[in-house]
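Shown below: run-v2.csv, with CSV, C-alpha atoms.
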chain,number,residue,atom,x,y,z
A,1,ASP,CA,-51.0,52.8,-18.9
A,2,VAL,CA,-48.0,51.9,-16.8
A,3,LYS,CA,-47.7,54.4,-13.9
A,4,VAL,CA,-45.1,52.9,-11.5
A,5,THR,CA,-42.4,50.9,-13.1
A,6,GLN,CA,-39.9,48.7,-11.3
A,7,SER,CA,-36.8,48.0,-13.4
A,8,SER,CA,-36.6,44.3,-12.9
A,9,ARG,CA,-39.2,41.6,-12.4
A,10,TYR,CA,-36.8,39.0,-11.2
A,11,LEU,CA,-33.2,39.4,-9.9
A,12,VAL,CA,-30.7,36.9,-8.6
A,13,LYS,CA,-27.7,38.3,-6.8
A,14,ARG,CA,-24.9,36.8,-4.7
A,15,THR,CA,-24.3,37.4,-1.0
A,16,GLY,CA,-22.3,40.5,-0.4
A,17,GLU,CA,-23.1,42.2,-3.7
A,18,LYS,CA,-24.4,45.8,-3.8
A,19,VAL,CA,-27.9,45.7,-5.3
A,20,PHE,CA,-29.9,48.6,-6.8
A,21,LEU,CA,-33.6,48.4,-7.2
A,22,GLU,CA,-35.1,51.1,-9.3
A,23,CYS,CA,-38.5,52.6,-9.3
A,24,VAL,CA,-39.9,55.3,-11.6
A,25,GLN,CA,-43.4,56.9,-11.6
A,26,ASP,CA,-44.9,59.1,-14.2
A,27,MET,CA,-47.7,60.6,-12.2
A,28,ASP,CA,-45.7,63.5,-10.7
A,29,HIS,CA,-46.3,62.1,-7.2
A,30,GLU,CA,-44.5,63.7,-4.3
A,31,ASN,CA,-44.4,60.6,-2.1
A,32,MET,CA,-42.7,57.3,-2.9
A,33,PHE,CA,-42.3,54.1,-0.8
A,34,TRP,CA,-40.4,50.9,-0.7
A,35,TYR,CA,-42.0,47.8,0.9
A,36,ARG,CA,-40.9,44.2,1.1
A,37,GLN,CA,-43.4,41.4,1.2
A,38,ASP,CA,-42.8,38.0,2.8
A,39,PRO,CA,-45.1,35.1,3.4
A,40,GLY,CA,-46.9,35.4,6.7
A,41,LEU,CA,-45.4,38.8,7.4
A,42,GLY,CA,-47.4,40.9,4.9
A,43,LEU,CA,-46.0,44.2,3.5
A,44,ARG,CA,-43.4,45.9,5.6
A,45,LEU,CA,-42.3,49.5,5.0
A,46,ILE,CA,-38.5,49.9,4.4
A,47,TYR,CA,-38.2,53.6,3.5
A,48,PHE,CA,-40.3,56.4,2.2
A,49,SER,CA,-39.7,59.8,0.7
A,50,TYR,CA,-42.0,62.8,0.6
A,51,ASP,CA,-39.8,65.0,-1.5
A,52,VAL,CA,-36.7,65.0,-3.6
A,53,LYS,CA,-33.6,64.3,-1.5
A,54,MET,CA,-35.8,63.6,1.5
A,55,LYS,CA,-36.1,60.2,3.1
A,56,GLU,CA,-37.6,58.6,6.2
A,57,LYS,CA,-37.0,55.3,7.7
A,58,GLY,CA,-39.8,52.8,7.8
A,59,ASP,CA,-40.2,49.9,10.0
A,60,ILE,CA,-37.3,47.7,8.7
A,61,PRO,CA,-34.6,50.0,7.3
A,62,GLU,CA,-31.6,47.9,8.5
A,63,GLY,CA,-29.4,46.8,5.6
A,64,TYR,CA,-31.0,49.2,3.2
A,65,SER,CA,-30.6,52.7,2.0
A,66,VAL,CA,-32.4,54.8,-0.6
A,67,SER,CA,-31.8,57.6,-3.0
A,68,ARG,CA,-34.2,60.2,-4.5
A,69,GLU,CA,-32.3,62.6,-6.7
A,70,LYS,CA,-35.3,63.2,-9.0
A,71,LYS,CA,-39.0,63.4,-8.2
A,72,GLU,CA,-39.9,60.5,-10.4
A,73,ARG,CA,-37.2,58.1,-9.3
A,74,PHE,CA,-36.8,56.3,-6.0
A,75,SER,CA,-34.0,53.8,-5.7
A,76,LEU,CA,-33.6,51.1,-3.0
A,77,ILE,CA,-30.0,50.0,-2.3
A,78,LEU,CA,-28.9,46.8,-0.6
A,79,GLU,CA,-25.4,47.7,0.5
A,80,SER,CA,-24.3,44.1,1.0
A,81,ALA,CA,-26.9,41.7,0.0
A,82,SER,CA,-27.7,38.8,2.4
A,83,THR,CA,-29.8,35.7,2.0
A,84,ASN,CA,-32.4,37.1,4.5
A,85,GLN,CA,-33.1,39.9,2.0
A,86,THR,CA,-34.5,37.4,-0.4
A,87,SER,CA,-38.0,38.8,-0.9
A,88,MET,CA,-40.6,40.5,-3.1
A,89,TYR,CA,-39.9,44.3,-3.2
A,90,LEU,CA,-42.7,46.6,-4.0
A,91,CYS,CA,-42.5,50.3,-4.8
A,92,ALA,CA,-45.4,52.7,-4.5
A,93,SER,CA,-46.2,56.3,-5.0
A,94,SER,CA,-48.9,58.7,-3.8
A,95,PRO,CA,-49.7,62.3,-4.5
A,96,GLY,CA,-49.0,65.1,-2.1
A,97,THR,CA,-52.7,65.9,-1.4
A,98,GLY,CA,-54.4,64.1,1.3
A,99,GLY,CA,-57.0,61.3,0.9
A,100,ASP,CA,-55.5,59.6,-2.1
A,101,GLY,CA,-54.1,56.1,-2.1
A,102,TYR,CA,-51.0,54.4,-3.4
A,103,THR,CA,-50.2,53.2,-6.8
A,104,PHE,CA,-47.9,50.1,-6.7
A,105,GLY,CA,-45.5,48.7,-9.1
A,106,SER,CA,-45.5,45.1,-10.2
A,107,GLY,CA,-42.8,44.2,-7.8
A,108,THR,CA,-39.2,42.8,-8.0
A,109,ARG,CA,-38.6,39.3,-6.8
A,110,LEU,CA,-35.1,39.3,-5.5
A,111,THR,CA,-33.2,36.1,-4.6
A,112,VAL,CA,-29.9,36.3,-2.8
A,113,VAL,CA,-27.8,33.2,-3.1
B,114,ASP,CA,-52.9,54.3,12.7
B,115,ALA,CA,-55.9,52.1,13.7
B,116,LYS,CA,-55.6,48.4,13.3
B,117,THR,CA,-58.0,46.3,11.3
B,118,THR,CA,-59.4,42.8,11.6
B,119,GLN,CA,-60.4,40.8,8.6
B,120,PRO,CA,-61.4,37.1,8.2
B,121,THR,CA,-58.5,35.0,6.8
B,122,SER,CA,-60.4,33.6,3.9
B,123,MET,CA,-63.8,33.6,2.2
B,124,ASP,CA,-65.4,31.8,-0.7
B,125,CYS,CA,-67.8,33.2,-3.2
B,126,ALA,CA,-69.6,31.7,-6.2
B,127,GLU,CA,-68.9,33.3,-9.6
B,128,GLY,CA,-71.6,35.9,-10.5
B,129,ARG,CA,-72.7,36.4,-6.9
B,130,ALA,CA,-71.9,39.4,-4.7
B,131,ALA,CA,-68.8,39.1,-2.5
B,132,ASN,CA,-69.1,40.9,0.8
B,133,LEU,CA,-65.8,41.4,2.6
B,134,PRO,CA,-66.0,42.6,6.2
B,135,CYS,CA,-63.5,44.7,8.1
B,136,ASN,CA,-63.5,45.7,11.7
B,137,HIS,CA,-61.6,48.9,12.7
B,138,SER,CA,-63.1,49.7,16.1
B,139,THR,CA,-60.2,52.1,17.1
B,140,ILE,CA,-60.6,54.3,14.0
B,141,SER,CA,-60.3,58.0,14.7
B,142,GLY,CA,-62.3,60.8,13.2
B,143,ASN,CA,-59.8,61.8,10.5
B,144,GLU,CA,-58.8,58.3,9.4
B,145,TYR,CA,-59.9,57.0,6.0
B,146,VAL,CA,-60.8,53.4,5.2
B,147,TYR,CA,-59.0,52.1,2.2
B,148,TRP,CA,-59.3,48.8,0.3
B,149,TYR,CA,-56.7,47.2,-1.9
B,150,ARG,CA,-56.4,43.9,-3.4
B,151,GLN,CA,-53.4,41.8,-4.5
B,152,ILE,CA,-53.6,39.2,-7.2
B,153,HIS,CA,-51.0,36.6,-7.1
B,154,SER,CA,-47.5,37.8,-8.0
B,155,GLN,CA,-48.6,41.3,-8.7
B,156,GLY,CA,-48.4,44.6,-6.7
B,157,PRO,CA,-51.5,45.6,-4.7
B,158,GLN,CA,-54.2,47.5,-6.6
B,159,TYR,CA,-56.2,50.3,-5.2
B,160,ILE,CA,-60.0,49.6,-5.1
B,161,ILE,CA,-61.8,52.3,-3.2
B,162,HIS,CA,-61.6,54.5,-0.1
B,163,GLY,CA,-64.0,56.5,2.1
B,164,LEU,CA,-64.3,58.5,5.2
B,165,LYS,CA,-67.9,58.5,6.4
B,166,ASN,CA,-70.2,58.1,3.5
B,167,ASN,CA,-70.7,55.0,1.4
B,168,GLU,CA,-68.8,55.0,-1.8
B,169,THR,CA,-69.2,53.3,-5.1
B,170,ASN,CA,-67.0,53.2,-8.2
B,171,GLU,CA,-66.7,50.9,-11.2
B,172,MET,CA,-65.0,48.2,-9.2
B,173,ALA,CA,-66.8,48.0,-5.9
B,174,SER,CA,-68.9,49.6,-3.2
B,175,LEU,CA,-67.8,50.5,0.3
B,176,ILE,CA,-70.3,50.5,3.1
B,177,ILE,CA,-69.1,52.2,6.3
B,178,THR,CA,-71.2,51.8,9.5
B,179,GLU,CA,-72.5,55.0,11.1
B,180,ASP,CA,-70.1,54.6,14.1
B,181,ARG,CA,-67.3,53.9,11.6
B,182,LYS,CA,-66.1,50.9,13.5
B,183,SER,CA,-66.6,48.5,10.7
B,184,SER,CA,-66.9,48.5,6.9
B,185,THR,CA,-67.8,46.1,4.1
B,186,LEU,CA,-66.4,45.9,0.6
B,187,ILE,CA,-68.9,44.7,-1.9
B,188,LEU,CA,-68.0,43.2,-5.3
B,189,PRO,CA,-71.4,43.1,-6.9
B,190,HIS,CA,-70.8,40.3,-9.5
B,191,ALA,CA,-67.6,38.4,-8.6
B,192,THR,CA,-65.6,36.8,-11.4
B,193,LEU,CA,-62.8,34.3,-11.3
B,194,ARG,CA,-60.4,37.2,-11.9
B,195,ASP,CA,-61.5,38.7,-8.5
B,196,THR,CA,-59.7,35.9,-6.7
B,197,ALA,CA,-57.1,37.8,-4.6
B,198,VAL,CA,-56.1,38.9,-1.2
B,199,TYR,CA,-58.1,41.9,-0.1
B,200,TYR,CA,-56.6,44.4,2.4
B,201,CYS,CA,-58.6,46.8,4.5
B,202,ILE,CA,-56.5,49.7,5.8
B,203,VAL,CA,-57.2,52.7,7.9
B,204,ARG,CA,-54.9,55.7,7.5
B,205,LEU,CA,-54.7,59.3,8.6
B,206,SER,CA,-55.4,61.8,5.9
B,207,ARG,CA,-51.9,63.3,5.8
B,208,SER,CA,-50.6,62.5,2.4
B,209,PHE,CA,-47.2,61.0,3.4
B,210,ASN,CA,-48.7,58.8,6.0
B,211,LYS,CA,-47.7,55.2,5.8
B,212,PHE,CA,-50.1,52.4,4.9
B,213,TYR,CA,-50.0,49.4,7.2
B,214,PHE,CA,-51.1,46.3,5.4
B,215,GLY,CA,-52.4,43.5,7.6
B,216,SER,CA,-52.8,39.9,6.5
B,217,GLY,CA,-56.0,40.6,4.5
B,218,THR,CA,-58.8,38.2,3.4
B,219,LYS,CA,-58.1,35.7,0.7
B,220,LEU,CA,-61.2,35.7,-1.5
B,221,ASN,CA,-61.7,32.5,-3.6
B,222,VAL,CA,-64.2,32.9,-6.4
B,223,LYS,CA,-65.4,29.5,-7.5
B,224,PRO,CA,-67.1,28.5,-10.7
What is this file in structure tokens?
Amino acid sequence: DVKVTQSSRYLVKRTGEKVFLECVQDMDHENMFWYRQDPGLGLRLIYFSYDVKMKEKGDIPEGYSVSREKKERFSLILESASTNQTSMYLCASSPGTGGDGYTFGSGTRLTVV
Amino acid sequence: DAKTTQPTSMDCAEGRAANLPCNHSTISGNEYVYWYRQIHSQGPQYIIHGLKNNETNEMASLIITEDRKSSTLILPHATLRDTAVYYCIVRLSRSFNKFYFGSGTKLNVKP
């Protein structure tokens, strides 16, 4: 019954590495989102996409980019990982019709050393 | 999007009803009230949402005041597995609109 799948549960990367976080949803949702969650700061929106090849910046896009080549897949890219990007990353999707909520993945806990 | 105010934490005895309040005094007419919860180390899970009328599903009930400035999430028979952070969110009805998650309420269900 898995609906939003994040490719890794835990990741450890080195400073300066290029990091790809993958998210796939099987619900044919139009909208997909990437959040990061940090203690005391709650969930903060990084990027979202409401259609294939479309992307919009969220509240904290610096240091990140995204890719949405197919409807079901939304990738978050850390161009050059830094220690302040150590966090829990959450992917979510929602349908194109109004009034419905998000479905979240289980999260990827990324540690940058 | 309207902001919400929730208590930082609440306790509830197992088997009793848990009533989680949320204030959203600046809510506008086309904003929905959503509730999510997050169990430790998992992604947030959708619980319920409503616009004006009270709503009930297999997980919970949502009571929205007539002026829509506050709401209450009710878990009718709390279990230990309901221990989680509960988020109340208001959001415009446009489908791509962002969710803003506040700090939520940590519900501790105790034996």
Exercise. Determine which residues of chain B sit within 12 Å of chain A, taking into account all atoms listed in the file, and present them as a ChimeraX atom specification.
Key: /B:121,143-164,198-200,202-218
Quiz prompt | Long-range neighbours of region 65-79 of chain A as a list in words, 6 Å cut-off, only C-alpha atoms, 6 positions minimum in chain | solution =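 The contact residues come out as Lys18, Val19, Phe20, Leu21, Glu22, Cys23, Val24, Gln25, Val52 and Lys53 of chain A.
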Exercise. Work out how far apart CA of Pro189 (chain B) and CA of Ser122 (chain B) are and give it in Å to one decimal.
Key: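 Value for the CA of Pro189 (chain B)-CA of Ser122 (chain B) distance: 18.1 Å.
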Self-check item: region 166-171 of chain B surroundings by only C-alpha atoms, 10 Å radius, close-in-sequence under 2 positions cut, as a PyMOL selection string
Solution: chain B and resi 160-164+173-179+181+184-188
Quiz prompt | Shell of 7 Å around Thr117 (chain B), all atoms listed in the file, local chain residues under 5 positions omitted, as JSON, numbers by chain | solution = {"B": [135, 136, 137, 201, 202]}
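The spacing separating CA of Gln6 (chain A) from CA of Thr196 (chain B) amounts to 24.0 Å.
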Exercise. Would you mind reading off the distance between CA of Lys57 (chain A) and CA of Thr86 (chain A), one decimal, in Å?
Key: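 About the pair CA of Lys57 (chain A) and CA of Thr86 (chain A): they are 19.8 Å apart.
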Quiz item: Using all atoms listed in the file, which residues sit within 9 Å of Asp124 (chain B) once same-chain residues fewer than 3 positions away are excluded, as an NGL selection string?
Solution: :B and (131 or 219-223)
